[in-house]
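Trainee: Have a look at this one before I ask anything.
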Protein chains: 2
Amino acid sequence: MDPNPTSSDERELVLTRLIAAPREKVFKAWTDPELLKQWFAPQPWTTPVAELDVRTGGANLIVMRSPEGNEFPNRGVYLEVIENERLVFTDAYTKAWEPSEKPFFTAVLTFEDEGAKTRYTARALHWTVADRETHEKMGFHEGWGQCADQLTALVTKS
Amino acid sequence: MDPNPTSSDERELVLTRLIAAPREKVFKAWTDPELLKQWFAPQPWTTPVAELDVRTGGANLIVMRSPEGNEFPNRGVYLEVIENERLVFTDAYTKAWEPSEKPFFTAVLTFEDEGAKTRYTARALHWTVADRETHEKMGFHEGWGQCADQLTALVTKS
């Protein structure tokens with residue numbers, strides 16, 4: 001009995017990078033607010049606010065600002081935090097356990113050793129195929145790709 | 001700035017009981033599969049299957065069977081487990097962190113001392129007002145009420 005007739009593959013987007021930095025540094029870029037602000041939004045967008053309560057059930061608020069000065073707040077809750085290994089959060093809650101207006105996706109980030117580098121993988125899991133398609137059209141691959149480049153630049157600089 | 005224009009009250013259903021048993025016993029009735037099977041479905045319905053991986057990120061599968069023999073599986077994931085105090089799970093995931101077909105509700109159960117008794121409170125938080133209404137029409141108050149009576153009978157007997 002398959003509890004879920006829609007294959008998870010159809011509802012998932014994935015980005016992966018091999019980064020020449022230790023896992024600890026890549027994980028920290030996701031969990032230290034001052035570091036996250038430096039890479040999270042695709043330039044010339046910026047990230048003026050990052051409040052990260054990094055623990056299971058902890059909330060995050062990340063505000064992105066467009067070049068025109070419009071601000072876009074993103075709220076979520078961490079579901080799983082394994083230091084330097086795994087970070088899971090979702091926008092299905094705005095704080096523990098207040099449902100958001102619209103559960104859109106769950107991010108599963110993994111950080112693995114690959115030689116002296118880090119295999120960084122970001123998976124975006126959606127509740128529906130339509131939401132996965134919307135996320136793709138919003139520019140998931142380009143946007144998350146550019147941000148992954150910015151993240152890489154940050155953690156690999158001297 | 002209110003991140004959530006719909007009041008949470010409109011999306012919530014609540015049931016509370018004062019139970020003449022210690023917190024530990026009430027919590028255990030929710031977390032021990034053999035105990036849960038004895039009270040979870042409103043009689044004459046039964047609960048032939050209860051698989052409860054009671055830890056953050058652990059999955060549960062609870063099958064209810066109608067008097068006609070039809071089976072209704074319920075799958076969910078525990079979001080927060082504080083022994084004898086608090087238990088949170090949702091049907092938004094079928095396992096960590098596989099999105100379900102339809103995120104319907106999150107259950108927040110609390111177990112508090114009130115004199116020598118236990119204040120048991122079950123909150124069902126929905127993502128939409130429509131889902132809260134559906135849950136109400138499905139007989140939340142009668143169903144969860146009858147099950148709370150069955151739970152009470154179980155934990156207060158000899």
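FYI, nothing fancy with the structure tokens labels: chains A, B, ... in order, residues from 1 per chain, ligands from 1 as they appear.
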Would you pick out the contacts of Asp91 of chain B at 10 Å or less, using only C-alpha atoms, so that residues sharing its chain but fewer than 6 positions from it are not included, and give the list as number ranges by chain?
Mentor: B: 59-60, 74-78, 99-107
Trainee: Find the residues in chain A near chain B: any atom within 10 Å counts, using only C-alpha atoms. Write them as a PyMOL selection string.
Mentor: chain A and resi 3-6+8+11-12+56-57+73-75+78-80+88-90+92-94+96-103+105-108+125-128
Trainee: How would you write, as a count of residues only, the set of residues in segment 4-138 of chain A that DSSP gives as strand (DSSP E)?
Mentor: 64
Trainee: Considering only C-alpha atoms, return as a PyMOL selection string whatever protein or nucleic-acid residues lie within 12 Å of Pro44 of chain B, sequence-local ones (same chain, fewer than 6 positions apart) excluded.
Mentor: chain B and resi 38+64-69+143+146-147+150
Trainee: Grab the residues selected above and save them as a PDB file, in the first residue's frame with N, CA, C and O atoms.
Mentor:
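Generated output (result-v6.pdb):
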ATOM      1  N   GLN B  38      -6.275   0.457  22.585  1.00  0.00           N
ATOM      2  CA  GLN B  38      -7.444   0.193  23.427  1.00  0.00           C
ATOM      3  C   GLN B  38      -8.426   1.365  23.505  1.00  0.00           C
ATOM      4  O   GLN B  38      -9.544   1.200  23.984  1.00  0.00           O
ATOM      5  N   MET B  64      -7.427   2.602  11.739  1.00  0.00           N
ATOM      6  CA  MET B  64      -8.725   2.443  12.395  1.00  0.00           C
ATOM      7  C   MET B  64      -9.597   1.554  11.512  1.00  0.00           C
ATOM      8  O   MET B  64      -9.515   1.619  10.285  1.00  0.00           O
ATOM      9  N   ARG B  65     -10.410   0.714  12.151  1.00  0.00           N
ATOM     10  CA  ARG B  65     -11.273  -0.204  11.395  1.00  0.00           C
ATOM     11  C   ARG B  65     -12.735   0.041  11.769  1.00  0.00           C
ATOM     12  O   ARG B  65     -13.085   0.088  12.951  1.00  0.00           O
ATOM     13  N   SER B  66     -13.540   0.197  10.745  1.00  0.00           N
ATOM     14  CA  SER B  66     -14.974   0.426  10.967  1.00  0.00           C
ATOM     15  C   SER B  66     -15.655  -0.892  11.319  1.00  0.00           C
ATOM     16  O   SER B  66     -15.100  -1.963  11.062  1.00  0.00           O
ATOM     17  N   PRO B  67     -16.872  -0.833  11.873  1.00  0.00           N
ATOM     18  CA  PRO B  67     -17.609  -2.072  12.183  1.00  0.00           C
ATOM     19  C   PRO B  67     -17.822  -2.930  10.932  1.00  0.00           C
ATOM     20  O   PRO B  67     -17.920  -4.148  11.031  1.00  0.00           O
ATOM     21  N   GLU B  68     -17.866  -2.310   9.755  1.00  0.00           N
ATOM     22  CA  GLU B  68     -18.038  -3.056   8.502  1.00  0.00           C
ATOM     23  C   GLU B  68     -16.728  -3.690   8.031  1.00  0.00           C
ATOM     24  O   GLU B  68     -16.697  -4.402   7.027  1.00  0.00           O
ATOM     25  N   GLY B  69     -15.645  -3.375   8.715  1.00  0.00           N
ATOM     26  CA  GLY B  69     -14.369  -3.986   8.364  1.00  0.00           C
ATOM     27  C   GLY B  69     -13.502  -3.148   7.435  1.00  0.00           C
ATOM     28  O   GLY B  69     -12.453  -3.593   6.985  1.00  0.00           O
ATOM     29  N   GLY B 143     -16.188  12.815  18.282  1.00  0.00           N
ATOM     30  CA  GLY B 143     -15.220  11.731  18.102  1.00  0.00           C
ATOM     31  C   GLY B 143     -14.073  11.808  19.099  1.00  0.00           C
ATOM     32  O   GLY B 143     -13.808  10.855  19.831  1.00  0.00           O
ATOM     33  N   GLN B 146     -15.445  11.268  22.603  1.00  0.00           N
ATOM     34  CA  GLN B 146     -15.673   9.866  22.962  1.00  0.00           C
ATOM     35  C   GLN B 146     -14.344   9.158  23.211  1.00  0.00           C
ATOM     36  O   GLN B 146     -14.203   8.384  24.168  1.00  0.00           O
ATOM     37  N   CYS B 147     -13.347   9.456  22.379  1.00  0.00           N
ATOM     38  CA  CYS B 147     -12.039   8.821  22.558  1.00  0.00           C
ATOM     39  C   CYS B 147     -11.387   9.296  23.867  1.00  0.00           C
ATOM     40  O   CYS B 147     -10.721   8.515  24.549  1.00  0.00           O
ATOM     41  N   GLN B 150     -12.814   7.234  26.485  1.00  0.00           N
ATOM     42  CA  GLN B 150     -12.231   5.891  26.466  1.00  0.00           C
ATOM     43  C   GLN B 150     -10.818   5.921  27.052  1.00  0.00           C
ATOM     44  O   GLN B 150     -10.425   5.022  27.801  1.00  0.00           O
TER      45      GLN B 150
END
Trainee: Show which residues sit within 7 Å of segment 47-53 of chain A, as a list in words. Count only C-alpha atoms, and ignore same-chain residues fewer than 2 positions away.
Mentor: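 The contact residues come out as Thr31, Pro33, Lys37, Phe40, Ala41, Arg55, Gly58, Ala59, Asn60, Leu61, Ile62, Val63, Met64 and Arg65 of chain A.
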Trainee: So how many Å separate atom CA of Phe27 of chain A and atom CA of Val54 of chain B, to one decimal?
Mentor: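 According to the coordinates, atom CA of Phe27 of chain A and atom CA of Val54 of chain B are separated by 27.5 Å.
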Trainee: Using only C-alpha atoms, which residue out of A:Phe72, A:Phe111, A:Trp45, A:Trp39 lies closest to Val26 of chain A?
Mentor: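 Going through A:Phe72, A:Phe111, A:Trp45, A:Trp39 one by one, the smallest distance to Val26 of chain A is for A:Phe111.
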Trainee: Extract the full set of alpha helix (DSSP H) residues from segment 32-158 of chain B according to DSSP on the backbone, and format it as a VMD selection string.
Mentor: chain B and resid 33 to 36 129 to 137 140 to 156
